[in-house]
Amino acid sequence: MSALPATPNPELHVPGTLRWSAQTHVGRVRANNEDAFLALTFDAEGVRRLGKVGEGGLAAGDYLFAVSDGMGGAKSGEFASRIAVDQITRLLPRNYRQDVIGLATSFGDILSEVFTRTHAEVSKLGASYEECRGMGATLTLAWFKPGWLYFGHVGDSRLYYLPRTGGGMRQLSHDDTHVGWLRRQGKLNEREERTHPRRNLLSKALGAGHQFVEPQIGAVGCEAGDRFLLCSDGLMDGFWDHALADRLGAPALDAATLVADAVAESGRDNTTAVLVEIGE
């Protein structure tokens with residue numbers, strides 16, 4: 001894991017606000033929704049869950065958004081994804097308070113601890129109850145502080161970044177699948193990736209029988225006008241890369257529209273999106 005910056009780059013205009021929207025949909029095939037998303041703000045005093053749509057300032061506290069896609073028999077996948085987002089709510093505010101009182105803990109260490117503890121909790125419940133055996137979840141989270149996004153990721157949910165200054169849409173997260181690895185190595189194109197019979201077979205997940213979890217951890221400097229999208233694989237199933245990039249670049253966009261359009265195009269899986277835009 002590479003070292004992450006602790007303070008914003010002074011050359012960047014440090015933004016003061018962000019806007020968000022979130023939506024989840026069961027899709028047109030599944031009987032229950034195994035996706036979950038999280039939107040919250042926290043400071044030294046505590047944590048507050050946020051609604052699906054809103055706007056807030058970064059001066060008073062941090063903001064965190066997450067998407068988790070559960071897996072398992074019956075409703076255990078639904079249970080696993082909710083465990084993942086609930087663990088974040090308990091763990092990150094505690095570390096914020098440690099940061100305020102001056103304890104030297106890096107953001108990378110904090111995020112790694114969140115994933116390690118969440119993995120342990122999902123694994124413990126999966127081993128304790130027959131109806132939860134083998135359950136697991138993906139987790140992609142984005143933690144916003146003035147001037148920076150810190151992110152952590154396990155699984156095949158995704159985090160996309162569209163910078164204001166151009167350069168095109170970037171996928172910040174790496175799909176934890178063999179097929180995703182082949183795509184990153186240039187051995188598959190997008191069409192081959194989307195039709196590969198093993199495209200949904202995860203090499204990493206929280207729980208799901210994995211002994212250890214090693215999350216991807218990273219950071220991106222933020223400027224006003226930057227956009228970030230967290231989504232489950234149901235959303236990607238509805239959009240090719242170029243179509244999603246076009247949508248993210250549209251002047252007026254919200255998560256509800258993205259999800260509705262993806263479900264209309266595919267709808268074979270649960271579909272979830274959290275869209276965050278950095279403001280002045």
# chains A, B, ... in the order shown; residues from 1 in each chain; ligands from 1

call {"tool": "closest_atom_pairs", "arguments": {"of": "region 78-176 of chain A", "to": "region 215-236 of chain A", "cutoff": "9 Å", "atoms": "only C-alpha atoms", "output": "CSV"}}
result
residue,atom,partner,partner_atom,distance
A:Gly108,CA,A:Ile217,CA,6.5
A:Leu111,CA,A:Ile217,CA,7.4
A:Ser112,CA,A:Pro215,CA,6.8
A:Phe115,CA,A:Pro215,CA,6.9
A:Thr116,CA,A:Pro215,CA,8.6
A:Thr138,CA,A:Ser232,CA,8.7
A:Thr140,CA,A:Leu230,CA,7.1
A:Leu141,CA,A:Leu230,CA,7.7
A:Ala142,CA,A:Leu230,CA,8.1
A:Phe144,CA,A:Cys222,CA,8.8
A:Pro146,CA,A:Cys222,CA,8.0
A:Gly147,CA,A:Cys222,CA,5.0
A:Trp148,CA,A:Gly221,CA,4.5
A:Leu149,CA,A:Val220,CA,5.2
A:Tyr150,CA,A:Ala219,CA,4.4
A:Phe151,CA,A:Gly218,CA,5.4
A:Gly152,CA,A:Ile217,CA,4.6
A:His153,CA,A:Gln216,CA,5.1
A:Val154,CA,A:Pro215,CA,5.3
A:Gly155,CA,A:Pro215,CA,8.8
A:Asp156,CA,A:Asp233,CA,6.7
A:Ser157,CA,A:Ser232,CA,4.4
A:Arg158,CA,A:Cys231,CA,5.4
A:Leu159,CA,A:Leu230,CA,4.6
A:Tyr160,CA,A:Leu229,CA,5.0
A:Tyr161,CA,A:Phe228,CA,4.7
A:Leu162,CA,A:Arg227,CA,5.1
A:Pro163,CA,A:Asp226,CA,4.5
A:Arg164,CA,A:Asp226,CA,4.7
A:Thr165,CA,A:Asp226,CA,8.1
A:Leu172,CA,A:Gly218,CA,8.3
A:Ser173,CA,A:Gln216,CA,7.4
A:His174,CA,A:Gln216,CA,7.7

call {"tool": "closest_atom_pairs", "arguments": {"of": "region 119-230 of chain A", "to": "region 238-246 of chain A", "cutoff": "10 Å", "atoms": "only C-alpha atoms", "output": "JSON lines"}}
result
{"residue": "A:Tyr160", "atom": "CA", "partner": "A:Ala245", "partner_atom": "CA", "distance": 9.4}
{"residue": "A:Tyr161", "atom": "CA", "partner": "A:Ala245", "partner_atom": "CA", "distance": 9.7}
{"residue": "A:Leu162", "atom": "CA", "partner": "A:Ala245", "partner_atom": "CA", "distance": 8.1}
{"residue": "A:Gly168", "atom": "CA", "partner": "A:Ala245", "partner_atom": "CA", "distance": 7.5}
{"residue": "A:Met169", "atom": "CA", "partner": "A:Ala245", "partner_atom": "CA", "distance": 5.8}
{"residue": "A:Arg170", "atom": "CA", "partner": "A:Ala245", "partner_atom": "CA", "distance": 8.9}
{"residue": "A:Gln171", "atom": "CA", "partner": "A:Asp241", "partner_atom": "CA", "distance": 9.9}
{"residue": "A:Glu190", "atom": "CA", "partner": "A:Asp241", "partner_atom": "CA", "distance": 8.0}
{"residue": "A:Arg191", "atom": "CA", "partner": "A:Trp240", "partner_atom": "CA", "distance": 8.8}
{"residue": "A:Arg194", "atom": "CA", "partner": "A:Trp240", "partner_atom": "CA", "distance": 9.1}

call {"tool": "residues_around", "arguments": {"residues": "Arg117 (chain A)", "least_positions_apart": "2", "cutoff": "10 Å", "atoms": "only C-alpha atoms", "output": "number ranges by chain"}}
result
A: 84, 87-88, 91, 112-115, 119-123, 206, 213

call {"tool": "write_last_selection", "arguments": {"atoms": "N, CA and C atoms", "output": "PDB file, in the first residue's frame"}}
result
ATOM      1  N   ALA A  84     -21.837  -4.528   6.191  1.00  0.00           N
ATOM      2  CA  ALA A  84     -20.693  -3.761   5.701  1.00  0.00           C
ATOM      3  C   ALA A  84     -20.886  -2.270   5.920  1.00  0.00           C
ATOM      4  N   GLN A  87     -20.890  -1.296   9.727  1.00  0.00           N
ATOM      5  CA  GLN A  87     -19.568  -1.281  10.347  1.00  0.00           C
ATOM      6  C   GLN A  87     -18.856   0.055  10.103  1.00  0.00           C
ATOM      7  N   ILE A  88     -19.007   0.590   8.912  1.00  0.00           N
ATOM      8  CA  ILE A  88     -18.391   1.889   8.602  1.00  0.00           C
ATOM      9  C   ILE A  88     -18.914   2.960   9.549  1.00  0.00           C
ATOM     10  N   LEU A  91     -17.057   2.588  12.855  1.00  0.00           N
ATOM     11  CA  LEU A  91     -15.605   2.648  12.929  1.00  0.00           C
ATOM     12  C   LEU A  91     -15.003   3.990  12.529  1.00  0.00           C
ATOM     13  N   SER A 112      -7.779   0.566   6.142  1.00  0.00           N
ATOM     14  CA  SER A 112      -7.436  -0.858   6.222  1.00  0.00           C
ATOM     15  C   SER A 112      -8.099  -1.505   7.438  1.00  0.00           C
ATOM     16  N   GLU A 113      -8.137  -0.782   8.562  1.00  0.00           N
ATOM     17  CA  GLU A 113      -8.782  -1.312   9.755  1.00  0.00           C
ATOM     18  C   GLU A 113     -10.285  -1.500   9.529  1.00  0.00           C
ATOM     19  N   VAL A 114     -10.914  -0.546   8.861  1.00  0.00           N
ATOM     20  CA  VAL A 114     -12.342  -0.668   8.564  1.00  0.00           C
ATOM     21  C   VAL A 114     -12.616  -1.945   7.769  1.00  0.00           C
ATOM     22  N   PHE A 115     -11.829  -2.191   6.741  1.00  0.00           N
ATOM     23  CA  PHE A 115     -12.048  -3.378   5.918  1.00  0.00           C
ATOM     24  C   PHE A 115     -11.735  -4.660   6.691  1.00  0.00           C
ATOM     25  N   HIS A 119     -14.614  -7.359   7.404  1.00  0.00           N
ATOM     26  CA  HIS A 119     -14.400  -8.724   6.913  1.00  0.00           C
ATOM     27  C   HIS A 119     -14.546  -9.741   8.044  1.00  0.00           C
ATOM     28  N   ALA A 120     -13.972  -9.427   9.207  1.00  0.00           N
ATOM     29  CA  ALA A 120     -14.059 -10.332  10.350  1.00  0.00           C
ATOM     30  C   ALA A 120     -15.499 -10.503  10.814  1.00  0.00           C
ATOM     31  N   GLU A 121     -16.267  -9.411  10.824  1.00  0.00           N
ATOM     32  CA  GLU A 121     -17.653  -9.490  11.275  1.00  0.00           C
ATOM     33  C   GLU A 121     -18.514 -10.313  10.312  1.00  0.00           C
ATOM     34  N   VAL A 122     -18.364 -10.074   9.017  1.00  0.00           N
ATOM     35  CA  VAL A 122     -19.131 -10.841   8.026  1.00  0.00           C
ATOM     36  C   VAL A 122     -18.745 -12.316   8.091  1.00  0.00           C
ATOM     37  N   SER A 123     -17.443 -12.591   8.238  1.00  0.00           N
ATOM     38  CA  SER A 123     -16.966 -13.979   8.305  1.00  0.00           C
ATOM     39  C   SER A 123     -17.489 -14.678   9.552  1.00  0.00           C
ATOM     40  N   LEU A 206     -15.452  -9.399   1.082  1.00  0.00           N
ATOM     41  CA  LEU A 206     -15.588  -9.467   2.532  1.00  0.00           C
ATOM     42  C   LEU A 206     -16.354 -10.733   2.873  1.00  0.00           C
ATOM     43  N   VAL A 213      -8.331 -10.338   3.846  1.00  0.00           N
ATOM     44  CA  VAL A 213      -8.771  -9.353   2.866  1.00  0.00           C
ATOM     45  C   VAL A 213      -7.714  -8.265   2.777  1.00  0.00           C
TER      46      VAL A 213
END

call {"tool": "residues_around", "arguments": {"residues": "Leu58 (chain A)", "least_positions_apart": "4", "cutoff": "9 Å", "atoms": "only C-alpha atoms", "output": "list of chain:residue names"}}
result
A:Pro15, A:Gly16, A:Thr17, A:Leu18, A:Asp62, A:Tyr63, A:Phe144, A:Lys145, A:Pro146

call {"tool": "atom_distance", "arguments": {"atom1": "CA of Ile83 (chain A)", "atom2": "CA of Ala22 (chain A)"}}
result
18.7 Å

call {"tool": "select_by_dssp", "arguments": {"residues": "region 56-240 of chain A", "states": "helix (DSSP H, G or I)", "output": "ChimeraX atom specification"}}
result
/A:76-100,107-128,130-132,178-184,190-195,233-238
